[in-house]
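The file query.pdb comes next; it holds PDB, C-alpha atoms and all ligand atoms.
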```
ATOM      1  CA  MET A  26       0.000   0.000   0.000
ATOM      2  CA  GLU A  27       1.250   3.496  -0.904
ATOM      3  CA  LEU A  28       2.164   5.612   2.127
ATOM      4  CA  SER A  29       0.832   9.157   2.369
ATOM      5  CA  CYS A  30       3.250  12.091   2.335
ATOM      6  CA  ASP A  31       2.884  12.507   6.130
ATOM      7  CA  GLU A  32       3.563   8.832   6.738
ATOM      8  CA  MET A  33       6.633   9.003   4.544
ATOM      9  CA  TYR A  34       8.173  12.306   5.631
ATOM     10  CA  LEU A  35       8.896  14.363   8.703
ATOM     11  CA  ARG A  36       8.616  18.076   8.174
ATOM     12  CA  TYR A  37      11.510  19.798   9.923
ATOM     13  CA  HIS A  38      11.621  23.608   9.728
ATOM     14  CA  GLY A  39       9.789  23.257   6.415
ATOM     15  CA  LEU A  40      12.124  20.559   5.025
ATOM     16  CA  LEU A  41      10.818  17.168   3.954
ATOM     17  CA  LEU A  42      12.969  14.418   5.481
ATOM     18  CA  PRO A  43      12.213  10.693   5.059
ATOM     19  CA  ARG A  44      11.094   8.957   8.253
ATOM     20  CA  GLU A  45      13.012   5.848   7.199
ATOM     21  CA  THR A  46      16.314   7.595   7.850
ATOM     22  CA  HIS A  47      15.316  10.495  10.144
ATOM     23  CA  SER A  48      13.392  10.744  13.412
ATOM     24  CA  ASP A  49      12.661  13.372  16.059
ATOM     25  CA  GLU A  50      15.418  11.742  18.106
ATOM     26  CA  SER A  51      17.978  11.861  15.269
ATOM     27  CA  LEU A  52      17.226  15.540  14.674
ATOM     28  CA  GLU A  53      17.606  16.266  18.377
ATOM     29  CA  PHE A  54      20.855  14.276  18.402
ATOM     30  CA  ALA A  55      22.095  16.425  15.512
ATOM     31  CA  GLN A  56      21.231  19.615  17.369
ATOM     32  CA  GLU A  57      23.145  18.427  20.428
ATOM     33  CA  PHE A  58      26.109  17.175  18.415
ATOM     34  CA  LYS A  59      29.404  18.613  19.669
ATOM     35  CA  PHE A  60      31.691  19.548  16.809
ATOM     36  CA  GLU A  61      35.445  19.177  17.271
ATOM     37  CA  ASP A  62      37.786  21.707  15.708
ATOM     38  CA  ASP A  63      39.327  19.069  13.450
ATOM     39  CA  ASP A  64      36.010  17.690  12.151
ATOM     40  CA  VAL A  65      35.378  17.974   8.428
ATOM     41  CA  MET A  66      31.889  18.453   7.001
ATOM     42  CA  ALA A  67      30.869  17.882   3.419
ATOM     43  CA  VAL A  68      27.687  19.828   2.769
ATOM     44  CA  THR A  69      25.465  19.109  -0.193
ATOM     45  CA  TYR A  70      21.991  19.610  -1.493
ATOM     46  CA  PRO A  71      20.867  16.018  -2.310
ATOM     47  CA  LYS A  72      22.192  14.627  -5.598
ATOM     48  CA  SER A  73      25.166  17.000  -5.778
ATOM     49  CA  GLY A  74      27.885  14.457  -5.006
ATOM     50  CA  THR A  75      27.394  13.439  -1.358
ATOM     51  CA  ILE A  76      28.493   9.820  -1.659
ATOM     52  CA  TRP A  77      31.414  10.941  -3.787
ATOM     53  CA  MET A  78      32.639  12.985  -0.821
ATOM     54  CA  GLN A  79      32.028  10.000   1.469
ATOM     55  CA  GLU A  80      34.606   8.192  -0.671
ATOM     56  CA  ILE A  81      37.042  11.079  -1.038
ATOM     57  CA  LEU A  82      37.258  12.438   2.498
ATOM     58  CA  PRO A  83      38.505   9.341   4.355
ATOM     59  CA  LEU A  84      41.135   8.782   1.674
ATOM     60  CA  VAL A  85      42.381  12.370   1.740
ATOM     61  CA  LEU A  86      42.358  12.483   5.541
ATOM     62  CA  ASN A  87      44.254   9.219   6.015
ATOM     63  CA  GLY A  88      46.793   9.541   3.223
ATOM     64  CA  GLY A  89      45.148   7.124   0.778
ATOM     65  CA  ASP A  90      44.650   4.086   3.036
ATOM     66  CA  LEU A  91      41.884   2.111   1.282
ATOM     67  CA  THR A  92      40.723   0.209   4.385
ATOM     68  CA  PRO A  93      37.721   2.424   5.269
ATOM     69  CA  ILE A  94      36.285   2.523   1.755
ATOM     70  CA  HIS A  95      36.607  -1.241   1.414
ATOM     71  CA  THR A  96      35.352  -2.252   4.859
ATOM     72  CA  ILE A  97      32.804   0.332   6.040
ATOM     73  CA  PRO A  98      29.586   1.238   4.178
ATOM     74  CA  ASN A  99      29.574   4.891   3.147
ATOM     75  CA  TRP A 100      26.686   5.800   5.480
ATOM     76  CA  ASP A 101      28.688   4.653   8.539
ATOM     77  CA  ARG A 102      32.093   5.724   7.249
ATOM     78  CA  VAL A 103      31.096   9.380   6.776
ATOM     79  CA  PRO A 104      27.666   9.538   8.416
ATOM     80  CA  TRP A 105      24.917  12.081   7.887
ATOM     81  CA  LEU A 106      24.666  14.520  10.791
ATOM     82  CA  GLU A 107      20.867  14.423  10.737
ATOM     83  CA  GLU A 108      20.243  10.704  10.200
ATOM     84  CA  LYS A 109      19.478   7.918  12.663
ATOM     85  CA  ARG A 110      22.748   6.050  12.013
ATOM     86  CA  LEU A 111      24.930   8.770  13.530
ATOM     87  CA  ALA A 112      24.023   7.890  17.125
ATOM     88  CA  LEU A 113      25.007   4.265  16.441
ATOM     89  CA  VAL A 114      28.403   4.958  14.934
ATOM     90  CA  VAL A 115      29.579   8.253  16.385
ATOM     91  CA  ASP A 116      31.821   6.611  18.974
ATOM     92  CA  LYS A 117      33.501   4.490  16.309
ATOM     93  CA  LEU A 118      34.493   7.384  14.035
ATOM     94  CA  ALA A 119      38.218   7.745  13.569
ATOM     95  CA  SER A 120      39.698  11.158  14.235
ATOM     96  CA  PRO A 121      39.691  13.522  12.402
ATOM     97  CA  ARG A 122      36.004  12.760  11.887
ATOM     98  CA  ALA A 123      34.310  13.345   8.552
ATOM     99  CA  LEU A 124      30.553  13.865   8.289
ATOM    100  CA  VAL A 125      28.075  14.912   5.642
ATOM    101  CA  THR A 126      24.891  16.910   5.901
ATOM    102  CA  HIS A 127      22.066  18.141   3.715
ATOM    103  CA  PHE A 128      21.113  20.769   6.303
ATOM    104  CA  PRO A 129      21.003  24.390   5.247
ATOM    105  CA  TYR A 130      23.407  26.631   7.189
ATOM    106  CA  ASN A 131      20.740  27.947   9.559
ATOM    107  CA  LEU A 132      19.850  24.443  10.799
ATOM    108  CA  MET A 133      23.353  23.522  11.881
ATOM    109  CA  PRO A 134      23.713  22.775  15.611
ATOM    110  CA  PRO A 135      24.967  25.520  17.972
ATOM    111  CA  SER A 136      28.403  23.882  18.442
ATOM    112  CA  PHE A 137      29.074  24.101  14.691
ATOM    113  CA  TYR A 138      29.154  27.898  14.678
ATOM    114  CA  THR A 139      31.792  28.166  17.406
ATOM    115  CA  ALA A 140      34.013  25.213  16.413
ATOM    116  CA  LYS A 141      36.657  25.531  13.702
ATOM    117  CA  ALA A 142      35.462  22.457  11.780
ATOM    118  CA  LYS A 143      36.091  22.888   8.062
ATOM    119  CA  VAL A 144      33.347  22.689   5.459
ATOM    120  CA  ILE A 145      33.422  21.589   1.842
ATOM    121  CA  TYR A 146      30.305  22.727   0.025
ATOM    122  CA  VAL A 147      29.697  20.782  -3.171
ATOM    123  CA  MET A 148      27.541  22.520  -5.771
ATOM    124  CA  ARG A 149      26.005  21.003  -8.883
ATOM    125  CA  ASN A 150      24.032  22.479 -11.742
ATOM    126  CA  PRO A 151      20.434  22.344 -10.458
ATOM    127  CA  LYS A 152      19.132  21.018 -13.780
ATOM    128  CA  ASP A 153      21.297  17.909 -13.420
ATOM    129  CA  ILE A 154      20.388  17.701  -9.726
ATOM    130  CA  MET A 155      16.733  17.629 -10.668
ATOM    131  CA  VAL A 156      17.231  14.846 -13.188
ATOM    132  CA  SER A 157      19.272  12.800 -10.716
ATOM    133  CA  SER A 158      16.687  13.426  -8.008
ATOM    134  CA  TYR A 159      13.859  12.375 -10.320
ATOM    135  CA  TYR A 160      15.434   8.928 -10.765
ATOM    136  CA  PHE A 161      16.333   8.734  -7.093
ATOM    137  CA  HIS A 162      12.699   9.353  -6.130
ATOM    138  CA  GLN A 163      11.770   6.459  -8.439
ATOM    139  CA  MET A 164      14.225   3.967  -6.988
ATOM    140  CA  ALA A 165      14.075   4.871  -3.274
ATOM    141  CA  GLY A 166      11.204   3.114  -1.511
ATOM    142  CA  PHE A 167      11.315   5.720   1.285
ATOM    143  CA  LEU A 168      10.592   8.654  -1.042
ATOM    144  CA  GLU A 169       7.376   9.685  -2.698
ATOM    145  CA  ASP A 170       6.850   8.558  -6.281
ATOM    146  CA  PRO A 171       7.973  11.524  -8.422
ATOM    147  CA  GLY A 172       5.094  11.286 -10.919
ATOM    148  CA  THR A 173       5.902  12.548 -14.392
ATOM    149  CA  PHE A 174       9.047  14.579 -15.034
ATOM    150  CA  ASP A 175       6.873  17.650 -15.493
ATOM    151  CA  GLU A 176       5.045  17.070 -12.196
ATOM    152  CA  PHE A 177       8.355  16.488 -10.463
ATOM    153  CA  MET A 178       9.705  19.773 -11.802
ATOM    154  CA  ASP A 179       6.865  21.629 -10.074
ATOM    155  CA  LYS A 180       7.621  19.853  -6.808
ATOM    156  CA  PHE A 181      11.344  20.540  -7.160
ATOM    157  CA  LEU A 182      10.802  24.237  -7.829
ATOM    158  CA  GLU A 183       8.376  24.495  -4.888
ATOM    159  CA  GLY A 184      10.808  22.662  -2.595
ATOM    160  CA  GLU A 185       8.319  19.822  -2.004
ATOM    161  CA  VAL A 186      11.121  17.285  -2.399
ATOM    162  CA  LEU A 187      13.783  15.852  -0.163
ATOM    163  CA  CYS A 188      15.443  18.720   1.786
ATOM    164  CA  GLY A 189      13.473  21.651   0.390
ATOM    165  CA  LYS A 190      14.387  24.215  -2.225
ATOM    166  CA  TRP A 191      17.767  24.111  -3.911
ATOM    167  CA  THR A 192      17.896  27.923  -4.001
ATOM    168  CA  ASP A 193      17.383  28.168  -0.207
ATOM    169  CA  HIS A 194      20.192  25.691   0.371
ATOM    170  CA  MET A 195      22.572  27.554  -1.933
ATOM    171  CA  LYS A 196      21.721  30.956  -0.491
ATOM    172  CA  SER A 197      22.214  29.778   3.067
ATOM    173  CA  TRP A 198      25.690  28.323   2.483
ATOM    174  CA  ARG A 199      26.920  30.860  -0.073
ATOM    175  CA  ASN A 200      26.086  33.660   2.354
ATOM    176  CA  SER A 201      27.371  31.820   5.400
ATOM    177  CA  ALA A 202      30.424  34.053   5.944
ATOM    178  CA  LEU A 203      32.501  31.164   7.258
ATOM    179  CA  GLY A 204      35.607  32.745   5.748
ATOM    180  CA  ASP A 205      38.471  30.320   5.358
ATOM    181  CA  ARG A 206      36.521  27.568   7.147
ATOM    182  CA  ILE A 207      34.580  26.856   3.951
ATOM    183  CA  MET A 208      35.661  25.728   0.516
ATOM    184  CA  TYR A 209      33.340  25.666  -2.477
ATOM    185  CA  ILE A 210      33.745  23.086  -5.198
ATOM    186  CA  THR A 211      31.520  22.000  -8.059
ATOM    187  CA  TYR A 212      30.500  18.529  -9.134
ATOM    188  CA  GLU A 213      31.369  19.631 -12.663
ATOM    189  CA  GLU A 214      34.972  20.460 -11.806
ATOM    190  CA  MET A 215      35.311  17.114 -10.047
ATOM    191  CA  VAL A 216      34.046  15.335 -13.166
ATOM    192  CA  GLN A 217      36.324  17.376 -15.394
ATOM    193  CA  ASP A 218      39.538  16.923 -13.435
ATOM    194  CA  LEU A 219      39.340  14.762 -10.318
ATOM    195  CA  PRO A 220      43.084  14.852  -9.473
ATOM    196  CA  ALA A 221      43.055  18.674  -9.566
ATOM    197  CA  SER A 222      39.947  18.706  -7.351
ATOM    198  CA  LEU A 223      41.634  16.303  -4.934
ATOM    199  CA  ARG A 224      44.671  18.587  -4.772
ATOM    200  CA  ARG A 225      42.391  21.523  -3.881
ATOM    201  CA  ILE A 226      40.612  19.461  -1.217
ATOM    202  CA  SER A 227      43.815  18.140   0.316
ATOM    203  CA  ASP A 228      45.391  21.622   0.393
ATOM    204  CA  PHE A 229      42.278  22.993   2.070
ATOM    205  CA  LEU A 230      42.426  20.223   4.683
ATOM    206  CA  GLY A 231      46.136  20.796   5.263
ATOM    207  CA  ARG A 232      47.168  17.419   3.893
ATOM    208  CA  ASN A 233      50.359  17.228   1.949
ATOM    209  CA  LEU A 234      49.664  14.335  -0.409
ATOM    210  CA  THR A 235      52.154  13.154  -2.982
ATOM    211  CA  GLU A 236      51.140  13.013  -6.629
ATOM    212  CA  GLU A 237      51.217   9.237  -6.385
ATOM    213  CA  VAL A 238      48.663   9.254  -3.560
ATOM    214  CA  ILE A 239      46.467  11.788  -5.408
ATOM    215  CA  GLN A 240      46.406   9.533  -8.458
ATOM    216  CA  LYS A 241      45.611   6.495  -6.324
ATOM    217  CA  ILE A 242      42.695   8.305  -4.632
ATOM    218  CA  ALA A 243      41.411   9.520  -8.020
ATOM    219  CA  GLU A 244      41.438   5.980  -9.332
ATOM    220  CA  HIS A 245      39.460   4.629  -6.359
ATOM    221  CA  CYS A 246      36.982   7.523  -6.428
ATOM    222  CA  SER A 247      36.188   7.226 -10.110
ATOM    223  CA  PHE A 248      32.578   6.544 -11.059
ATOM    224  CA  LYS A 249      33.597   3.123 -12.348
ATOM    225  CA  ALA A 250      35.435   2.131  -9.170
ATOM    226  CA  MET A 251      32.633   3.342  -6.899
ATOM    227  CA  LYS A 252      30.029   1.517  -8.966
ATOM    228  CA  THR A 253      31.737  -1.784  -8.199
ATOM    229  CA  ASN A 254      32.539  -1.018  -4.561
ATOM    230  CA  ASN A 255      29.831  -2.784  -2.520
ATOM    231  CA  MET A 256      30.581  -0.476   0.403
ATOM    232  CA  SER A 257      29.623   2.516  -1.734
ATOM    233  CA  ASN A 258      27.064   1.451  -4.337
ATOM    234  CA  PHE A 259      24.208   0.675  -1.900
ATOM    235  CA  SER A 260      24.038  -2.957  -3.038
ATOM    236  CA  LEU A 261      23.961  -3.890   0.690
ATOM    237  CA  ILE A 262      20.565  -2.190   0.979
ATOM    238  CA  PRO A 263      17.520  -4.419   0.276
ATOM    239  CA  ASN A 264      15.651  -3.670  -2.953
ATOM    240  CA  VAL A 265      12.555  -2.586  -1.095
ATOM    241  CA  TYR A 266      14.497   0.511   0.097
ATOM    242  CA  MET A 267      16.666   1.094  -2.948
ATOM    243  CA  ASP A 268      15.749  -0.677  -6.139
ATOM    244  CA  SER A 269      18.696  -0.496  -8.489
ATOM    245  CA  ASP A 270      16.672  -2.318 -11.146
ATOM    246  CA  LYS A 271      14.570   0.840 -11.382
ATOM    247  CA  SER A 272      17.646   3.080 -11.408
ATOM    248  CA  PRO A 273      21.101   2.529  -9.916
ATOM    249  CA  PHE A 274      22.192   5.037  -7.257
ATOM    250  CA  LEU A 275      25.398   5.550  -9.214
ATOM    251  CA  ARG A 276      23.329   6.259 -12.288
ATOM    252  CA  LYS A 277      25.286   8.150 -14.969
ATOM    253  CA  GLY A 278      27.841  10.347 -13.235
ATOM    254  CA  THR A 279      27.926  12.866 -16.072
ATOM    255  CA  VAL A 280      27.445  16.572 -16.668
ATOM    256  CA  GLY A 281      24.533  17.828 -18.780
ATOM    257  CA  ASP A 282      22.120  14.898 -18.647
ATOM    258  CA  TRP A 283      19.368  17.537 -18.264
ATOM    259  CA  LYS A 284      19.628  18.071 -22.031
ATOM    260  CA  ASN A 285      18.131  14.597 -22.490
ATOM    261  CA  HIS A 286      15.165  15.419 -20.257
ATOM    262  CA  PHE A 287      14.118  19.090 -20.412
ATOM    263  CA  SER A 288      11.764  20.415 -23.097
ATOM    264  CA  SER A 289      12.329  24.045 -24.133
ATOM    265  CA  GLU A 290       9.209  25.066 -22.194
ATOM    266  CA  GLN A 291      10.457  23.292 -19.077
ATOM    267  CA  LEU A 292      13.855  24.906 -19.426
ATOM    268  CA  ALA A 293      12.318  28.376 -19.645
ATOM    269  CA  ARG A 294      10.090  27.690 -16.612
ATOM    270  CA  PHE A 295      13.018  26.345 -14.598
ATOM    271  CA  ILE A 296      15.304  29.276 -15.418
ATOM    272  CA  SER A 297      12.589  31.833 -14.740
ATOM    273  CA  VAL A 298      11.798  30.478 -11.238
ATOM    274  CA  ILE A 299      15.407  29.914 -10.186
ATOM    275  CA  SER A 300      16.712  33.260 -11.445
ATOM    276  CA  LYS A 301      13.901  35.124  -9.732
ATOM    277  CA  GLU A 302      14.734  33.425  -6.440
ATOM    278  CA  LEU A 303      18.408  34.310  -6.773
ATOM    279  CA  GLU A 304      17.763  37.940  -7.755
ATOM    280  CA  GLY A 305      19.840  40.391  -5.741
ATOM    281  CA  GLU A 306      22.228  37.747  -4.376
ATOM    282  CA  SER A 307      25.846  38.852  -4.304
ATOM    283  CA  PHE A 308      27.284  35.454  -5.278
ATOM    284  CA  SER A 309      27.346  34.282  -8.863
ATOM    285  CA  LEU A 310      26.625  30.784 -10.085
ATOM    286  CA  PRO A 311      29.532  28.724 -11.415
ATOM    287  CA  TRP A 312      27.466  27.691 -14.470
ATOM    288  CA  SER A 313      24.869  29.387 -16.609
ATOM    289  CA  LEU A 314      21.379  28.263 -15.740
TER     290      LEU A 314
HETATM  291  P1  LIG B 401      23.548  10.916 -11.422
HETATM  292  O1  LIG B 401      22.196  10.467 -10.929
HETATM  293  O2  LIG B 401      23.461  12.119 -12.316
HETATM  294  O3  LIG B 401      24.347   9.819 -12.026
HETATM  295  P2  LIG B 401      24.384  12.197  -4.065
HETATM  296  O4  LIG B 401      25.450  11.286  -3.580
HETATM  297  O5  LIG B 401      24.509  13.600  -3.545
HETATM  298  O6  LIG B 401      23.026  11.616  -3.849
HETATM  299  O7  LIG B 401      24.581  12.379  -5.637
HETATM  300  C1  LIG B 401      24.379  11.300  -6.513
HETATM  301  C2  LIG B 401      24.890  11.688  -7.864
HETATM  302  O8  LIG B 401      26.328  11.750  -7.828
HETATM  303  C3  LIG B 401      24.512  10.671  -8.926
HETATM  304  O9  LIG B 401      24.367  11.424 -10.135
HETATM  305  C4  LIG B 401      25.763   9.792  -8.922
HETATM  306  O10 LIG B 401      25.920   9.006 -10.079
HETATM  307  C5  LIG B 401      26.839  10.878  -8.821
HETATM  308  N1  LIG B 401      28.148  10.335  -8.416
HETATM  309  C6  LIG B 401      28.462   9.632  -7.313
HETATM  310  N2  LIG B 401      29.767   9.265  -7.341
HETATM  311  C7  LIG B 401      30.283   9.749  -8.499
HETATM  312  C8  LIG B 401      31.564   9.676  -9.129
HETATM  313  N3  LIG B 401      32.594   9.017  -8.585
HETATM  314  N4  LIG B 401      31.728  10.295 -10.331
HETATM  315  C9  LIG B 401      30.705  10.964 -10.918
HETATM  316  N5  LIG B 401      29.460  11.055 -10.373
HETATM  317  C10 LIG B 401      29.248  10.443  -9.186
END
```
Show me this structure written as structure tokens.
Ligand code: A3P
Amino acid sequence: MELSCDEMYLRYHGLLLPRETHSDESLEFAQEFKFEDDDVMAVTYPKSGTIWMQEILPLVLNGGDLTPIHTIPNWDRVPWLEEKRLALVVDKLASPRALVTHFPYNLMPPSFYTAKAKVIYVMRNPKDIMVSSYYFHQMAGFLEDPGTFDEFMDKFLEGEVLCGKWTDHMKSWRNSALGDRIMYITYEEMVQDLPASLRRISDFLGRNLTEEVIQKIAEHCSFKAMKTNNMSNFSLIPNVYMDSDKSPFLRKGTVGDWKNHFSSEQLARFISVISKELEGESFSLPWSL
């Protein structure tokens, strides 16, 4: 039987969060979480490259040792701040700890604002995010069926999808004034030149990695390598929660798939809504809409 929206999602400060992975307790746990100065946070709007960072961060932080990515599932290796699993694994996290979150800046816990924990904010062209999210809503049993692509576009633009509006997320983190605590990177630059992106990330995190280690990390964080890594491709999750026959989580891993999905009318509608919502912002987008 199909679950209703309320049965499927919690609404937290306006954000839709799946009950399967989130609870009142997990959100309270997140708010009480005590950040350490050497923690590292990857922040993403869903479908921007979260699990990619769950692969990259442990390798960059530990000098390329493959053990964590081959022995610990991504959701426990670099857990989500807001999800239920964090309470179960927090004491097992190696230091320096790496976490991910889909929270907007204003929902971060009080200890985050005073700690020196570094943040890597991964941005992706919202048109490709929407396409990726459309397939994710089809394959994830804990998310509402997306309906047609056109119906899903309305929901995406209204923020009636996992984690709310993309524009709100961007605005909150781009205006966060975290100074040198935050680094911005795009999914597109990671696709274009992963070794160069890894050099930027390792410099930001104060790691002095040799070129040999950078190349090794790039090889293990490629789309192809992650697709066959059972600790990263969600094959450990039963089909009822994630049905890779409908669409694999590691789906295409490319830039510009929106061109295969958007009609010219949809493109115009998308651009009009997004540009209106970003009007007057002082930051510029790294891609044209
Ligand atoms: P696609 O659906 O466009 O393929 P998230 O982890 O935030 O949910 O993002 C998922 C998206 O990141 C998916 O996009 C997935 O394929 C892509 N992705 C994950 N790892 C990747 C990698 N190593 N290289 C390129 N894309 C990757």
When you count only C-alpha atoms and all ligand atoms, which of these residues is closest to ligand LIG 401 (chain B): A:Ser48, A:Thr92, A:Asn233, A:Gln163?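 So, comparing all the options, the nearest one is A:Gln163.
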List every residue of chain A that has an atom at most 8 Å from any atom of ligand LIG 401 (chain B), giving for each one its closest atom pair and the distance in Å to one decimal, counting all atoms listed in the file, sorted by chain and then by ascending residue number, as a Markdown table.
```
| residue | atom | partner | partner_atom | distance |
| --- | --- | --- | --- | --- |
| A:Thr69 | CA | B:LIG401 | O5 | 6.5 |
| A:Tyr70 | CA | B:LIG401 | O5 | 6.8 |
| A:Pro71 | CA | B:LIG401 | O5 | 4.5 |
| A:Lys72 | CA | B:LIG401 | O5 | 3.3 |
| A:Ser73 | CA | B:LIG401 | O5 | 4.1 |
| A:Gly74 | CA | B:LIG401 | O5 | 3.8 |
| A:Thr75 | CA | B:LIG401 | O5 | 3.6 |
| A:Ile76 | CA | B:LIG401 | O4 | 3.9 |
| A:Trp77 | CA | B:LIG401 | N2 | 4.3 |
| A:Met78 | CA | B:LIG401 | O4 | 7.9 |
| A:Asp153 | CA | B:LIG401 | O2 | 6.3 |
| A:Ile154 | CA | B:LIG401 | O2 | 6.9 |
| A:Val156 | CA | B:LIG401 | O2 | 6.9 |
| A:Ser157 | CA | B:LIG401 | O1 | 3.7 |
| A:Ser158 | CA | B:LIG401 | O1 | 6.9 |
| A:Tyr160 | CA | B:LIG401 | O1 | 6.9 |
| A:Phe161 | CA | B:LIG401 | O1 | 7.2 |
| A:Tyr212 | CA | B:LIG401 | N5 | 7.6 |
| A:Met215 | CA | B:LIG401 | N4 | 7.7 |
| A:Val216 | CA | B:LIG401 | C9 | 5.9 |
| A:Cys246 | CA | B:LIG401 | N3 | 5.1 |
| A:Ser247 | CA | B:LIG401 | N3 | 4.3 |
| A:Phe248 | CA | B:LIG401 | N3 | 3.5 |
| A:Lys249 | CA | B:LIG401 | N3 | 7.1 |
| A:Ala250 | CA | B:LIG401 | N3 | 7.5 |
| A:Met251 | CA | B:LIG401 | N3 | 5.9 |
| A:Lys252 | CA | B:LIG401 | N2 | 7.9 |
| A:Phe274 | CA | B:LIG401 | O10 | 6.1 |
| A:Leu275 | CA | B:LIG401 | O10 | 3.6 |
| A:Arg276 | CA | B:LIG401 | O3 | 3.7 |
| A:Lys277 | CA | B:LIG401 | O3 | 3.5 |
| A:Gly278 | CA | B:LIG401 | N5 | 3.4 |
| A:Thr279 | CA | B:LIG401 | O2 | 5.9 |
| A:Val280 | CA | B:LIG401 | O2 | 7.4 |
| A:Asp282 | CA | B:LIG401 | O2 | 7.0 |
```
With C-alpha atoms retained, could you export that selection as an mmCIF file, keeping the file's coordinate frame?
```cif
data_model
loop_
_atom_site.group_PDB
_atom_site.id
_atom_site.type_symbol
_atom_site.label_atom_id
_atom_site.label_comp_id
_atom_site.auth_asym_id
_atom_site.auth_seq_id
_atom_site.Cartn_x
_atom_site.Cartn_y
_atom_site.Cartn_z
ATOM 1 C CA THR A 69 25.465 19.109 -0.193
ATOM 2 C CA TYR A 70 21.991 19.610 -1.493
ATOM 3 C CA PRO A 71 20.867 16.018 -2.310
ATOM 4 C CA LYS A 72 22.192 14.627 -5.598
ATOM 5 C CA SER A 73 25.166 17.000 -5.778
ATOM 6 C CA GLY A 74 27.885 14.457 -5.006
ATOM 7 C CA THR A 75 27.394 13.439 -1.358
ATOM 8 C CA ILE A 76 28.493 9.820 -1.659
ATOM 9 C CA TRP A 77 31.414 10.941 -3.787
ATOM 10 C CA MET A 78 32.639 12.985 -0.821
ATOM 11 C CA ASP A 153 21.297 17.909 -13.420
ATOM 12 C CA ILE A 154 20.388 17.701 -9.726
ATOM 13 C CA VAL A 156 17.231 14.846 -13.188
ATOM 14 C CA SER A 157 19.272 12.800 -10.716
ATOM 15 C CA SER A 158 16.687 13.426 -8.008
ATOM 16 C CA TYR A 160 15.434 8.928 -10.765
ATOM 17 C CA PHE A 161 16.333 8.734 -7.093
ATOM 18 C CA TYR A 212 30.500 18.529 -9.134
ATOM 19 C CA MET A 215 35.311 17.114 -10.047
ATOM 20 C CA VAL A 216 34.046 15.335 -13.166
ATOM 21 C CA CYS A 246 36.982 7.523 -6.428
ATOM 22 C CA SER A 247 36.188 7.226 -10.110
ATOM 23 C CA PHE A 248 32.578 6.544 -11.059
ATOM 24 C CA LYS A 249 33.597 3.123 -12.348
ATOM 25 C CA ALA A 250 35.435 2.131 -9.170
ATOM 26 C CA MET A 251 32.633 3.342 -6.899
ATOM 27 C CA LYS A 252 30.029 1.517 -8.966
ATOM 28 C CA PHE A 274 22.192 5.037 -7.257
ATOM 29 C CA LEU A 275 25.398 5.550 -9.214
ATOM 30 C CA ARG A 276 23.329 6.259 -12.288
ATOM 31 C CA LYS A 277 25.286 8.150 -14.969
ATOM 32 C CA GLY A 278 27.841 10.347 -13.235
ATOM 33 C CA THR A 279 27.926 12.866 -16.072
ATOM 34 C CA VAL A 280 27.445 16.572 -16.668
ATOM 35 C CA ASP A 282 22.120 14.898 -18.647
#
```
I'd like to see the residues matched by the PyMOL selection byres (((chain A and resi 143-145) around 6) and not hetatm) on this file, and ideally I'd get them as a PyMOL selection string. chain A and resi 65-67+142+146+206-209
Mind telling me what the PyMOL selection byres (((chain A and resi 128-140) around 6) and not hetatm) catches here, as a PyMOL selection string? chain A and resi 56+59-60+62+126-127+141-142+194+197-198
Might you pull out every residue within 8 Å of Tyr159 of chain A, with only C-alpha atoms counted and same-chain residues fewer than 4 positions away left off, and present them as a list of chain:residue names?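 Using only C-alpha atoms, the neighbours found are A:Met155, A:Gln163, A:Pro171, A:Phe174, A:Phe177.
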If you apply the PyMOL selection byres (((chain A and resi 223) around 8) and not hetatm) to this file, what residues do you get, as a PyMOL selection string? chain A and resi 81+85+219-222+224-227+239+243
Next, the residues of the selection above should be written as an mmCIF file, keeping the file's coordinate frame with C-alpha atoms.
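Contents of again.cif, freshly written:
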```cif
data_model
loop_
_atom_site.group_PDB
_atom_site.id
_atom_site.type_symbol
_atom_site.label_atom_id
_atom_site.label_comp_id
_atom_site.auth_asym_id
_atom_site.auth_seq_id
_atom_site.Cartn_x
_atom_site.Cartn_y
_atom_site.Cartn_z
ATOM 1 C CA ILE A 81 37.042 11.079 -1.038
ATOM 2 C CA VAL A 85 42.381 12.370 1.740
ATOM 3 C CA LEU A 219 39.340 14.762 -10.318
ATOM 4 C CA PRO A 220 43.084 14.852 -9.473
ATOM 5 C CA ALA A 221 43.055 18.674 -9.566
ATOM 6 C CA SER A 222 39.947 18.706 -7.351
ATOM 7 C CA ARG A 224 44.671 18.587 -4.772
ATOM 8 C CA ARG A 225 42.391 21.523 -3.881
ATOM 9 C CA ILE A 226 40.612 19.461 -1.217
ATOM 10 C CA SER A 227 43.815 18.140 0.316
ATOM 11 C CA ILE A 239 46.467 11.788 -5.408
ATOM 12 C CA ALA A 243 41.411 9.520 -8.020
#
```
Could you state the separation of atom CA of Ser288 of chain A and atom CA of Gly172 of chain A in Å, given to one decimal place? 16.6 Å
Distance criterion (only C-alpha atoms): nearest to Ser120 of chain A out of A:Gln217, A:Ser29, A:Thr96, A:Asn87: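 For Ser120 of chain A, the nearest of the candidates is A:Asn87.
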Among the residues A:Cys30, A:Met164, A:Glu61, A:Gly88, the one that comes closest to Gly231 of chain A [using all atoms listed in the file]: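 Among the listed residues, the smallest separation from Gly231 of chain A belongs to A:Gly88.
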Let me make sure I understand: among A:Asp268, A:Leu35, A:Arg44, A:Pro273, which one has the smallest atom-to-atom distance to Gly166 of chain A if we use all atoms listed in the file?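 Looking only at the distances to Gly166 of chain A, the closest residue turns out to be A:Asp268.
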Quick check, in Å to one decimal: how far apart do atom CA of Gly189 of chain A and atom CA of Ile299 of chain A lie?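 Between these atoms lies a distance of 13.6 Å.
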Quick one: distance from atom CA of Glu244 of chain A to atom CA of Gly89 of chain A in Å, one decimal? 10.8 Å
